[in-house]
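Engineer: Just so it is clear, I am handing over model26.pdb, which has PDB, C-alpha atoms.
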ATOM      1  CA  MET A   1     -19.283  15.702  14.147
ATOM      2  CA  THR A   2     -16.332  13.823  15.600
ATOM      3  CA  LYS A   3     -15.335  10.820  13.535
ATOM      4  CA  THR A   4     -14.539   7.477  15.113
ATOM      5  CA  TYR A   5     -11.033   7.307  13.633
ATOM      6  CA  HIS A   6      -8.248   9.777  13.213
ATOM      7  CA  VAL A   7      -6.565   7.525  10.627
ATOM      8  CA  VAL A   8      -7.440   4.278   8.848
ATOM      9  CA  GLY A   9      -4.497   2.609   7.107
ATOM     10  CA  ILE A  10      -4.611   0.235   4.145
ATOM     11  CA  GLY A  11      -1.630  -1.903   3.192
ATOM     12  CA  ASN A  12       0.206  -5.210   3.085
ATOM     13  CA  ALA A  13      -0.551  -7.201   6.223
ATOM     14  CA  LEU A  14       2.745  -8.970   6.888
ATOM     15  CA  VAL A  15       4.577 -10.568   9.763
ATOM     16  CA  ASP A  16       8.110  -9.181  10.014
ATOM     17  CA  VAL A  17      10.884 -11.706  10.598
ATOM     18  CA  LEU A  18      13.917  -9.715  11.750
ATOM     19  CA  ALA A  19      17.422 -11.168  11.881
ATOM     20  CA  HIS A  20      20.991  -9.865  11.918
ATOM     21  CA  ALA A  21      23.234 -10.671   8.937
ATOM     22  CA  GLY A  22      26.587  -9.571   7.590
ATOM     23  CA  ASP A  23      27.205  -8.081   4.146
ATOM     24  CA  ASP A  24      28.814 -11.378   3.138
ATOM     25  CA  PHE A  25      25.531 -13.193   3.855
ATOM     26  CA  LEU A  26      23.678 -10.794   1.570
ATOM     27  CA  THR A  27      26.206 -11.343  -1.209
ATOM     28  CA  THR A  28      26.242 -15.111  -0.837
ATOM     29  CA  HIS A  29      22.464 -15.363  -0.946
ATOM     30  CA  GLY A  30      21.817 -12.772  -3.637
ATOM     31  CA  VAL A  31      20.077 -10.216  -1.403
ATOM     32  CA  GLU A  32      20.301  -6.640  -2.680
ATOM     33  CA  LYS A  33      21.155  -4.358   0.209
ATOM     34  CA  GLY A  34      18.891  -1.600   1.460
ATOM     35  CA  ILE A  35      15.791  -2.185  -0.637
ATOM     36  CA  MET A  36      12.663  -4.327  -0.701
ATOM     37  CA  GLN A  37      12.608  -7.334  -3.012
ATOM     38  CA  LEU A  38       9.502  -9.379  -3.722
ATOM     39  CA  ILE A  39      10.094 -13.125  -3.355
ATOM     40  CA  ASP A  40       8.043 -16.277  -3.887
ATOM     41  CA  THR A  41       7.203 -19.033  -1.428
ATOM     42  CA  ASP A  42      10.267 -21.157  -2.249
ATOM     43  CA  ARG A  43      12.625 -18.223  -1.771
ATOM     44  CA  ALA A  44      10.916 -17.324   1.522
ATOM     45  CA  VAL A  45      11.403 -20.871   2.811
ATOM     46  CA  GLU A  46      15.039 -20.919   1.658
ATOM     47  CA  LEU A  47      15.970 -17.628   3.329
ATOM     48  CA  TYR A  48      14.100 -18.434   6.512
ATOM     49  CA  GLY A  49      16.043 -21.680   6.784
ATOM     50  CA  ARG A  50      19.408 -19.943   6.404
ATOM     51  CA  ILE A  51      19.066 -16.926   8.706
ATOM     52  CA  GLY A  52      20.050 -16.984  12.351
ATOM     53  CA  PRO A  53      17.817 -16.328  15.381
ATOM     54  CA  ALA A  54      14.883 -14.098  14.421
ATOM     55  CA  GLN A  55      12.193 -11.949  16.007
ATOM     56  CA  GLU A  56       8.636 -12.207  14.627
ATOM     57  CA  ILE A  57       6.164  -9.339  14.977
ATOM     58  CA  SER A  58       3.233  -7.965  13.003
ATOM     59  CA  GLY A  59       4.473  -5.611  10.330
ATOM     60  CA  GLY A  60       3.891  -4.128   6.948
ATOM     61  CA  SER A  61       4.544  -0.450   6.347
ATOM     62  CA  ALA A  62       1.051   0.968   6.927
ATOM     63  CA  ALA A  63       0.479  -1.378   9.875
ATOM     64  CA  ASN A  64       3.629   0.026  11.498
ATOM     65  CA  THR A  65       2.321   3.555  10.965
ATOM     66  CA  ILE A  66      -1.089   2.698  12.410
ATOM     67  CA  ALA A  67       0.532   0.998  15.421
ATOM     68  CA  GLY A  68       2.565   4.159  16.006
ATOM     69  CA  ILE A  69      -0.527   6.361  15.956
ATOM     70  CA  ALA A  70      -2.291   3.964  18.333
ATOM     71  CA  HIS A  71       0.743   4.047  20.656
ATOM     72  CA  LEU A  72       0.309   7.836  20.837
ATOM     73  CA  GLY A  73      -3.352   7.456  21.749
ATOM     74  CA  GLY A  74      -4.775   8.132  18.304
ATOM     75  CA  ARG A  75      -7.961   6.398  17.191
ATOM     76  CA  THR A  76      -6.982   4.057  14.381
ATOM     77  CA  ALA A  77      -7.977   1.073  12.285
ATOM     78  CA  TYR A  78      -6.167  -1.057   9.749
ATOM     79  CA  VAL A  79      -7.266  -2.844   6.575
ATOM     80  CA  GLY A  80      -5.118  -5.704   5.274
ATOM     81  CA  LYS A  81      -5.504  -9.345   4.252
ATOM     82  CA  VAL A  82      -4.170 -12.292   6.249
ATOM     83  CA  LYS A  83      -5.039 -15.979   6.337
ATOM     84  CA  ASP A  84      -6.605 -17.862   9.220
ATOM     85  CA  ASP A  85      -3.271 -19.506  10.049
ATOM     86  CA  GLN A  86      -0.593 -19.174  12.739
ATOM     87  CA  LEU A  87       1.044 -16.042  11.349
ATOM     88  CA  GLY A  88      -2.356 -14.516  10.614
ATOM     89  CA  ALA A  89      -3.317 -14.959  14.268
ATOM     90  CA  ILE A  90      -0.015 -13.396  15.353
ATOM     91  CA  PHE A  91      -0.610 -10.411  13.089
ATOM     92  CA  ALA A  92      -4.190  -9.787  14.244
ATOM     93  CA  HIS A  93      -3.443 -10.183  17.957
ATOM     94  CA  ASP A  94      -0.344  -8.006  17.865
ATOM     95  CA  LEU A  95      -1.984  -5.129  15.990
ATOM     96  CA  ARG A  96      -5.088  -5.166  18.190
ATOM     97  CA  ALA A  97      -2.824  -5.215  21.249
ATOM     98  CA  GLN A  98      -1.391  -1.896  20.050
ATOM     99  CA  GLY A  99      -4.893  -0.408  20.318
ATOM    100  CA  ALA A 100      -5.855  -0.421  16.641
ATOM    101  CA  ASP A 101      -9.082  -1.880  15.236
ATOM    102  CA  PHE A 102      -8.525  -4.724  12.769
ATOM    103  CA  ALA A 103     -11.582  -6.392  11.294
ATOM    104  CA  THR A 104     -10.635  -7.342   7.712
ATOM    105  CA  PRO A 105     -12.080 -10.836   7.109
ATOM    106  CA  MET A 106      -9.367 -13.516   7.237
ATOM    107  CA  ALA A 107      -8.998 -15.825   4.254
ATOM    108  CA  PRO A 108     -10.166 -19.333   5.256
ATOM    109  CA  GLU A 109      -7.570 -21.932   6.195
ATOM    110  CA  ALA A 110      -8.418 -23.997   3.112
ATOM    111  CA  GLU A 111      -7.562 -21.189   0.704
ATOM    112  CA  PRO A 112      -4.216 -21.598  -1.122
ATOM    113  CA  GLY A 113      -1.292 -19.462   0.047
ATOM    114  CA  GLU A 114      -0.199 -18.253   3.454
ATOM    115  CA  THR A 115      -0.108 -15.084   5.502
ATOM    116  CA  GLY A 116       2.570 -12.823   4.049
ATOM    117  CA  ARG A 117       5.869 -12.256   5.742
ATOM    118  CA  CYS A 118       8.876  -9.994   5.296
ATOM    119  CA  ILE A 119      12.310 -11.378   6.092
ATOM    120  CA  ILE A 120      14.324  -8.337   7.158
ATOM    121  CA  LEU A 121      18.095  -8.743   7.292
ATOM    122  CA  VAL A 122      19.754  -6.074   9.417
ATOM    123  CA  THR A 123      23.453  -5.487   8.685
ATOM    124  CA  PRO A 124      25.912  -4.056  11.255
ATOM    125  CA  ASP A 125      25.483  -0.554   9.799
ATOM    126  CA  GLY A 126      21.776  -0.664  10.708
ATOM    127  CA  GLU A 127      20.608  -0.887   7.094
ATOM    128  CA  ARG A 128      17.738  -3.238   6.402
ATOM    129  CA  SER A 129      17.289  -5.430   3.355
ATOM    130  CA  MET A 130      13.715  -6.637   2.991
ATOM    131  CA  ASN A 131      12.632  -9.845   1.287
ATOM    132  CA  THR A 132       8.871  -9.872   1.030
ATOM    133  CA  TYR A 133       6.550 -12.778   0.365
ATOM    134  CA  LEU A 134       3.200 -11.055  -0.072
ATOM    135  CA  GLY A 135       1.105 -14.193   0.285
ATOM    136  CA  LEU A 136      -2.540 -13.449   1.069
ATOM    137  CA  SER A 137      -1.845  -9.725   1.524
ATOM    138  CA  GLU A 138      -1.836  -9.166  -2.243
ATOM    139  CA  ARG A 139      -5.366 -10.534  -2.495
ATOM    140  CA  LEU A 140      -6.832  -7.499  -0.773
ATOM    141  CA  SER A 141      -9.749  -6.436  -2.953
ATOM    142  CA  ALA A 142     -12.492  -3.838  -3.088
ATOM    143  CA  ALA A 143     -14.733  -6.315  -1.251
ATOM    144  CA  ASP A 144     -12.479  -5.937   1.816
ATOM    145  CA  ILE A 145     -13.040  -2.170   1.990
ATOM    146  CA  ASP A 146     -15.729  -1.243   4.505
ATOM    147  CA  GLU A 147     -17.052   2.058   3.135
ATOM    148  CA  ALA A 148     -18.732   2.969   6.426
ATOM    149  CA  GLN A 149     -15.449   2.525   8.309
ATOM    150  CA  ILE A 150     -13.534   4.577   5.741
ATOM    151  CA  ALA A 151     -16.167   7.330   5.830
ATOM    152  CA  ASP A 152     -15.753   7.469   9.608
ATOM    153  CA  ALA A 153     -12.064   8.464   9.364
ATOM    154  CA  GLU A 154     -10.513  11.929   9.223
ATOM    155  CA  TRP A 155      -7.667  10.518   7.123
ATOM    156  CA  ILE A 156      -6.971   7.350   5.188
ATOM    157  CA  TYR A 157      -3.349   6.308   4.763
ATOM    158  CA  LEU A 158      -2.462   4.307   1.655
ATOM    159  CA  GLU A 159       0.679   2.192   1.406
ATOM    160  CA  GLY A 160       2.483   2.338  -1.944
ATOM    161  CA  TYR A 161       3.684  -1.250  -1.570
ATOM    162  CA  ARG A 162       0.055  -2.399  -1.843
ATOM    163  CA  PHE A 163       0.002  -1.398  -5.505
ATOM    164  CA  ASP A 164       1.568  -4.803  -6.201
ATOM    165  CA  GLY A 165      -1.675  -6.745  -6.501
ATOM    166  CA  ALA A 166      -4.245  -7.381  -9.203
ATOM    167  CA  GLU A 167      -7.165  -5.891  -7.282
ATOM    168  CA  SER A 168      -5.397  -3.335  -5.127
ATOM    169  CA  HIS A 169      -6.031  -0.360  -7.412
ATOM    170  CA  ALA A 170      -9.781  -1.012  -7.233
ATOM    171  CA  ALA A 171      -9.559  -1.322  -3.444
ATOM    172  CA  PHE A 172      -7.743   2.012  -3.187
ATOM    173  CA  ALA A 173     -10.219   3.681  -5.557
ATOM    174  CA  LYS A 174     -13.158   2.487  -3.452
ATOM    175  CA  ALA A 175     -11.502   3.723  -0.251
ATOM    176  CA  ILE A 176     -10.634   7.110  -1.762
ATOM    177  CA  SER A 177     -14.186   7.577  -3.025
ATOM    178  CA  ALA A 178     -15.687   6.724   0.367
ATOM    179  CA  ALA A 179     -13.272   9.003   2.200
ATOM    180  CA  LYS A 180     -13.743  11.993  -0.087
ATOM    181  CA  ALA A 181     -17.526  11.646  -0.108
ATOM    182  CA  ALA A 182     -17.488  11.922   3.686
ATOM    183  CA  GLY A 183     -15.106  14.878   3.810
ATOM    184  CA  GLY A 184     -12.053  12.815   4.681
ATOM    185  CA  LYS A 185      -8.508  13.320   3.421
ATOM    186  CA  VAL A 186      -6.052  10.989   1.700
ATOM    187  CA  ALA A 187      -2.393  10.396   2.570
ATOM    188  CA  LEU A 188      -0.121   8.251   0.401
ATOM    189  CA  THR A 189       3.337   6.902   1.128
ATOM    190  CA  LEU A 190       5.499   5.988  -1.870
ATOM    191  CA  SER A 191       7.138   3.133   0.093
ATOM    192  CA  ASP A 192      10.144   2.299  -2.121
ATOM    193  CA  PRO A 193      11.876   3.650  -5.264
ATOM    194  CA  PHE A 194      11.425   0.308  -7.059
ATOM    195  CA  CYS A 195       7.730   0.466  -6.201
ATOM    196  CA  VAL A 196       7.635   3.936  -7.781
ATOM    197  CA  ASP A 197       9.354   2.602 -10.920
ATOM    198  CA  ARG A 198       6.704  -0.098 -11.294
ATOM    199  CA  HIS A 199       3.699   2.168 -10.748
ATOM    200  CA  ARG A 200       4.814   5.721 -11.553
ATOM    201  CA  ASP A 201       1.939   6.565 -13.898
ATOM    202  CA  ALA A 202      -0.719   5.278 -11.487
ATOM    203  CA  PHE A 203       0.910   7.114  -8.586
ATOM    204  CA  ARG A 204       1.072  10.357 -10.560
ATOM    205  CA  ARG A 205      -2.620  10.175 -11.445
ATOM    206  CA  MET A 206      -3.562   9.504  -7.841
ATOM    207  CA  ILE A 207      -1.314  12.296  -6.579
ATOM    208  CA  ARG A 208      -2.777  14.863  -8.969
ATOM    209  CA  GLU A 209      -6.399  13.856  -8.461
ATOM    210  CA  ASP A 210      -6.822  12.524  -4.921
ATOM    211  CA  VAL A 211      -3.852  12.872  -2.558
ATOM    212  CA  ASP A 212      -3.827  15.565   0.143
ATOM    213  CA  LEU A 213      -0.571  14.513   1.835
ATOM    214  CA  LEU A 214       2.399  12.716   0.289
ATOM    215  CA  PHE A 215       5.034  10.911   2.341
ATOM    216  CA  ALA A 216       8.316   9.976   0.662
ATOM    217  CA  ASN A 217      12.038   9.780   1.241
ATOM    218  CA  ARG A 218      14.757  11.296  -0.939
ATOM    219  CA  ALA A 219      15.215   8.239  -3.180
ATOM    220  CA  GLU A 220      11.484   7.789  -3.704
ATOM    221  CA  ILE A 221      10.727  11.384  -4.609
ATOM    222  CA  LEU A 222      13.697  11.562  -6.997
ATOM    223  CA  SER A 223      12.388   8.396  -8.668
ATOM    224  CA  MET A 224       8.844   9.751  -8.832
ATOM    225  CA  TYR A 225       9.845  12.949 -10.599
ATOM    226  CA  GLN A 226      12.733  11.387 -12.536
ATOM    227  CA  THR A 227      15.335  13.944 -11.580
ATOM    228  CA  GLU A 228      18.642  13.867  -9.729
ATOM    229  CA  VAL A 229      18.076  17.299  -8.152
ATOM    230  CA  PHE A 230      16.369  16.938  -4.771
ATOM    231  CA  ASP A 231      15.002  20.489  -4.601
ATOM    232  CA  ASP A 232      13.516  20.130  -8.075
ATOM    233  CA  ALA A 233      11.685  16.969  -7.034
ATOM    234  CA  LEU A 234      10.371  18.661  -3.887
ATOM    235  CA  ALA A 235       9.180  21.662  -5.903
ATOM    236  CA  GLN A 236       7.389  19.457  -8.426
ATOM    237  CA  ALA A 237       5.685  17.543  -5.617
ATOM    238  CA  ALA A 238       4.624  20.736  -3.837
ATOM    239  CA  ALA A 239       3.116  22.033  -7.090
ATOM    240  CA  GLU A 240       0.874  18.936  -7.304
ATOM    241  CA  ILE A 241       0.004  18.201  -3.669
ATOM    242  CA  GLY A 242      -1.189  20.398  -0.836
ATOM    243  CA  LEU A 243       1.204  18.909   1.715
ATOM    244  CA  VAL A 244       4.495  17.034   1.257
ATOM    245  CA  ALA A 245       6.571  15.398   4.005
ATOM    246  CA  CYS A 246       9.873  14.053   2.683
ATOM    247  CA  THR A 247      12.504  12.422   4.871
ATOM    248  CA  ASP A 248      16.210  12.644   4.087
ATOM    249  CA  SER A 249      17.989  10.243   6.467
ATOM    250  CA  ALA A 250      20.513  12.089   8.646
ATOM    251  CA  ASP A 251      19.351  15.435   7.248
ATOM    252  CA  GLY A 252      15.929  15.070   8.870
ATOM    253  CA  ALA A 253      12.793  15.936   6.963
ATOM    254  CA  HIS A 254      11.429  18.639   4.670
ATOM    255  CA  ILE A 255       7.812  19.756   4.939
ATOM    256  CA  LEU A 256       6.232  21.730   2.084
ATOM    257  CA  SER A 257       2.776  23.285   1.888
ATOM    258  CA  GLY A 258       1.915  25.924  -0.694
ATOM    259  CA  THR A 259       4.771  28.425  -0.609
ATOM    260  CA  GLY A 260       5.803  27.377   2.903
ATOM    261  CA  ARG A 261       8.745  25.111   3.623
ATOM    262  CA  TRP A 262      10.059  23.840   6.944
ATOM    263  CA  HIS A 263      13.006  21.659   7.916
ATOM    264  CA  ALA A 264      12.880  19.247  10.847
ATOM    265  CA  PRO A 265      16.379  18.164  11.935
ATOM    266  CA  ALA A 266      17.214  14.535  12.596
ATOM    267  CA  LEU A 267      18.311  13.541  16.083
ATOM    268  CA  ASN A 268      21.807  12.221  16.647
ATOM    269  CA  THR A 269      21.043   8.551  17.263
ATOM    270  CA  ARG A 270      23.060   5.350  16.968
ATOM    271  CA  VAL A 271      21.416   3.334  14.210
ATOM    272  CA  VAL A 272      20.694  -0.240  15.298
ATOM    273  CA  ASP A 273      17.928  -1.061  12.799
ATOM    274  CA  ALA A 274      16.416   1.344  10.261
ATOM    275  CA  THR A 275      13.269  -0.808   9.870
ATOM    276  CA  GLY A 276      10.148   1.294  10.316
ATOM    277  CA  ALA A 277      11.842   4.700  10.534
ATOM    278  CA  GLY A 278       9.768   6.158   7.704
ATOM    279  CA  ASP A 279       6.641   4.376   8.940
ATOM    280  CA  LEU A 280       6.900   5.892  12.409
ATOM    281  CA  PHE A 281       7.809   9.289  10.985
ATOM    282  CA  ALA A 282       4.488   9.167   9.117
ATOM    283  CA  GLY A 283       2.631   7.929  12.193
ATOM    284  CA  ALA A 284       3.905  10.702  14.432
ATOM    285  CA  PHE A 285       3.365  13.322  11.717
ATOM    286  CA  LEU A 286      -0.249  12.234  11.166
ATOM    287  CA  TRP A 287      -0.895  12.086  14.913
ATOM    288  CA  GLY A 288       0.405  15.625  15.303
ATOM    289  CA  LEU A 289      -1.681  16.799  12.371
ATOM    290  CA  THR A 290      -4.899  15.281  13.738
ATOM    291  CA  GLN A 291      -4.177  16.862  17.130
ATOM    292  CA  GLY A 292      -3.919  20.338  15.607
ATOM    293  CA  HIS A 293      -0.158  20.883  15.810
ATOM    294  CA  ASP A 294       1.614  23.118  13.292
ATOM    295  CA  LEU A 295       3.455  21.543  10.365
ATOM    296  CA  GLU A 296       6.959  22.222  11.678
ATOM    297  CA  SER A 297       6.087  20.541  14.986
ATOM    298  CA  CYS A 298       4.562  17.586  13.120
ATOM    299  CA  GLY A 299       7.818  17.177  11.202
ATOM    300  CA  ARG A 300       9.868  17.343  14.391
ATOM    301  CA  MET A 301       7.581  14.770  16.026
ATOM    302  CA  GLY A 302       8.174  12.508  13.056
ATOM    303  CA  CYS A 303      11.936  12.820  13.439
ATOM    304  CA  VAL A 304      11.778  12.123  17.190
ATOM    305  CA  ALA A 305       9.690   8.988  16.572
ATOM    306  CA  ALA A 306      12.005   7.827  13.775
ATOM    307  CA  SER A 307      15.048   8.275  16.020
ATOM    308  CA  GLU A 308      13.445   6.112  18.705
ATOM    309  CA  ILE A 309      12.649   3.344  16.226
ATOM    310  CA  ILE A 310      16.134   3.153  14.699
ATOM    311  CA  SER A 311      17.718   2.851  18.149
ATOM    312  CA  HIS A 312      16.543  -0.763  18.551
ATOM    313  CA  ILE A 313      15.437  -3.817  16.583
ATOM    314  CA  GLY A 314      11.888  -3.747  15.219
ATOM    315  CA  ALA A 315       9.313  -1.153  14.201
ATOM    316  CA  ARG A 316       7.387  -0.875  17.475
ATOM    317  CA  ALA A 317       8.212   1.954  19.879
ATOM    318  CA  GLU A 318       9.903   0.803  23.071
ATOM    319  CA  ALA A 319       9.935   4.231  24.716
ATOM    320  CA  ASP A 320       6.922   6.437  25.465
ATOM    321  CA  LEU A 321       6.733   8.672  22.386
ATOM    322  CA  THR A 322       4.423  11.132  24.119
ATOM    323  CA  GLN A 323       7.002  11.627  26.852
ATOM    324  CA  LEU A 324       9.730  12.064  24.235
ATOM    325  CA  PHE A 325       7.646  14.775  22.572
ATOM    326  CA  ARG A 326       7.356  16.519  25.956
ATOM    327  CA  THR A 327      11.091  16.235  26.501
ATOM    328  CA  HIS A 328      11.680  17.961  23.169
ATOM    329  CA  GLY A 329       9.147  20.687  23.924
ATOM    330  CA  LEU A 330       6.697  19.617  21.234
ATOM    331  CA  ILE A 331       3.632  19.152  23.465
TER     332      ILE A 331
END
Take the structure from the file and write it as structure tokens.
Structural biologist:
Amino acid sequence: MTKTYHVVGIGNALVDVLAHAGDDFLTTHGVEKGIMQLIDTDRAVELYGRIGPAQEISGGSAANTIAGIAHLGGRTAYVGKVKDDQLGAIFAHDLRAQGADFATPMAPEAEPGETGRCIILVTPDGERSMNTYLGLSERLSAADIDEAQIADAEWIYLEGYRFDGAESHAAFAKAISAAKAAGGKVALTLSDPFCVDRHRDAFRRMIREDVDLLFANRAEILSMYQTEVFDDALAQAAAEIGLVACTDSADGAHILSGTGRWHAPALNTRVVDATGAGDLFAGAFLWGLTQGHDLESCGRMGCVAASEIISHIGARAEADLTQLFRTHGLI
């Protein structure tokens, strides 16, 4: 029986605030380059008041992935917590406009806190430094997981960032149980090496027991397996998980399944903004997988999508990804 959704994503529902900044700005304002830092409300207000002109768009890692799958025509839904406020309305409208279902109940306006946002500072080299106020997104709980919706998905896609929340582990456990009971599969993205450092033991248990597909980049997988040898980390991951897709910046991506290993080369692209590159790699990879494409082609689709995203500001595709796949002989 055909399921309603190819992929349902669960993650931090955030509005991305993207602005250009020089390295001197990062230094002056204590922003560590190239990683995600969690910040509180006061810090969010301070940074927002000091950055230059900004672009606001619905974001969050898993939401970017789901939007990418929807852009390609995949049937998708997203689970994430926002408040019934201005940014919450922006998030919901923007994601639905991409073609994804979004029905997670909004927190009422009277509830303390605000819709989360991520202030992304893009330096001239295209690197992004993320300052994340989780706000209401970290209050996602098991009560927000619709088991019928999860059961009606071929895949669920879990965002590692969402592990930062008191009730998030229970929410993930409920979603995994519902998916597995209905014959669905589980994909996990590690999200960030600091996220791995905070939750390594929980990630390892989930990977060994529940995960069918792991997404990571070089830094994340080295952190997960606590080694400095990339091939060793890949081998350890492949021994635990049926399918591994690991990106490696300008070296493309490595796909491992059983004893098989494939390399998908990166495209030569001028980097304007690296925001969302890994998210759209995962989106294109999952779309290819649900459409029956072979693993090498899925990896190449991921690299094509990532190259499109890094060529402009923001994590929403501006070109027709399906046409790009045709141009590269992938469909």
Engineer: I need the residue nearest Gly135 of chain A from this list: A:Leu38, A:Leu72, A:Ala151, A:Ala219. Use all atoms listed in the file for the distance.
Structural biologist: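 Closest candidate: A:Leu38.
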Engineer: Run the PyMOL selection byres ((chain A and resi 74) around 8) mentally over the shown coordinates, then write out the matched residues as a list in words, using the chain letters and numbers from the document.
Structural biologist: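 Given this file, the PyMOL selection byres ((chain A and resi 74) around 8) evaluates to Tyr5, His6, Val7, Ile69, Ala70, His71, Leu72, Gly73, Arg75, Thr76 and Trp287 of chain A.
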Engineer: For each of A:Gln226, A:Asn12, A:Thr4, A:Gln291, take the minimum atom-to-atom distance to Ser137 of chain A, counting all atoms listed in the file, then give the residue where this is smallest.
Structural biologist: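 Selected residue with least distance to Ser137 of chain A: A:Asn12.
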Engineer: Box along x, y and z, 3 Å on every side, all listed atoms of segment 304-316 of chain A inside: centre and edge lengths in Å to one decimal, as JSON.
Structural biologist:
{"center_x": 12.6, "center_y": 4.2, "center_z": 16.2, "size_x": 16.3, "size_y": 21.9, "size_z": 10.9}
Engineer: Name the residues that the PyMOL selection byres ((chain A and resi 295) around 10) pulls out of this structure, and write them as an mmCIF file with C-alpha atoms, keeping the file's coordinate frame.
Structural biologist:
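Output file out37.cif follows:
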data_model
loop_
_atom_site.group_PDB
_atom_site.id
_atom_site.type_symbol
_atom_site.label_atom_id
_atom_site.label_comp_id
_atom_site.auth_asym_id
_atom_site.auth_seq_id
_atom_site.Cartn_x
_atom_site.Cartn_y
_atom_site.Cartn_z
ATOM 1 C CA LEU A 243 1.204 18.909 1.715
ATOM 2 C CA ALA A 245 6.571 15.398 4.005
ATOM 3 C CA ILE A 255 7.812 19.756 4.939
ATOM 4 C CA LEU A 256 6.232 21.730 2.084
ATOM 5 C CA SER A 257 2.776 23.285 1.888
ATOM 6 C CA GLY A 260 5.803 27.377 2.903
ATOM 7 C CA ARG A 261 8.745 25.111 3.623
ATOM 8 C CA TRP A 262 10.059 23.840 6.944
ATOM 9 C CA HIS A 263 13.006 21.659 7.916
ATOM 10 C CA ALA A 264 12.880 19.247 10.847
ATOM 11 C CA PHE A 285 3.365 13.322 11.717
ATOM 12 C CA GLY A 288 0.405 15.625 15.303
ATOM 13 C CA LEU A 289 -1.681 16.799 12.371
ATOM 14 C CA GLY A 292 -3.919 20.338 15.607
ATOM 15 C CA HIS A 293 -0.158 20.883 15.810
ATOM 16 C CA ASP A 294 1.614 23.118 13.292
ATOM 17 C CA GLU A 296 6.959 22.222 11.678
ATOM 18 C CA SER A 297 6.087 20.541 14.986
ATOM 19 C CA CYS A 298 4.562 17.586 13.120
ATOM 20 C CA GLY A 299 7.818 17.177 11.202
ATOM 21 C CA ARG A 300 9.868 17.343 14.391
ATOM 22 C CA MET A 301 7.581 14.770 16.026
#
Engineer: Find the residues around Gly283 of chain A up to 7 Å (only C-alpha atoms counted), leave out those fewer than 3 positions away in its own chain, and share them as a PyMOL selection string.
Structural biologist: chain A and resi 65-66+68-69+279-280+286-287
Engineer: One decimal, in Å: what's the spacing between atom CA of His328 of chain A and atom CA of Val304 of chain A?
Structural biologist: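 The value is 8.4 Å.
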Engineer: What is the atom CA of Glu138 of chain A to atom CA of Asp164 of chain A distance in Å?
Structural biologist: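 So the answer is 6.8 Å.
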Engineer: Given the PyMOL selection byres ((chain A and resi 308-323) around 7) and the file above, list the residues it selects as a PyMOL selection string.
Structural biologist: chain A and resi 64+72+269-277+304-307+324-327
Engineer: Using all atoms listed in the file, find all polymer residues with an atom at most 10 Å away from the point (-0.4, 20.4, -5.1); report them as a VMD selection string.
Structural biologist: chain A and resid 207 to 209 211 to 214 235 to 244 256 to 258
Engineer: One decimal, in Å: what's the spacing between atom CA of Leu140 of chain A and atom CA of Lys83 of chain A?
Structural biologist: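 Computing the Euclidean distance for atom CA of Leu140 of chain A and atom CA of Lys83 of chain A yields 11.2 Å.
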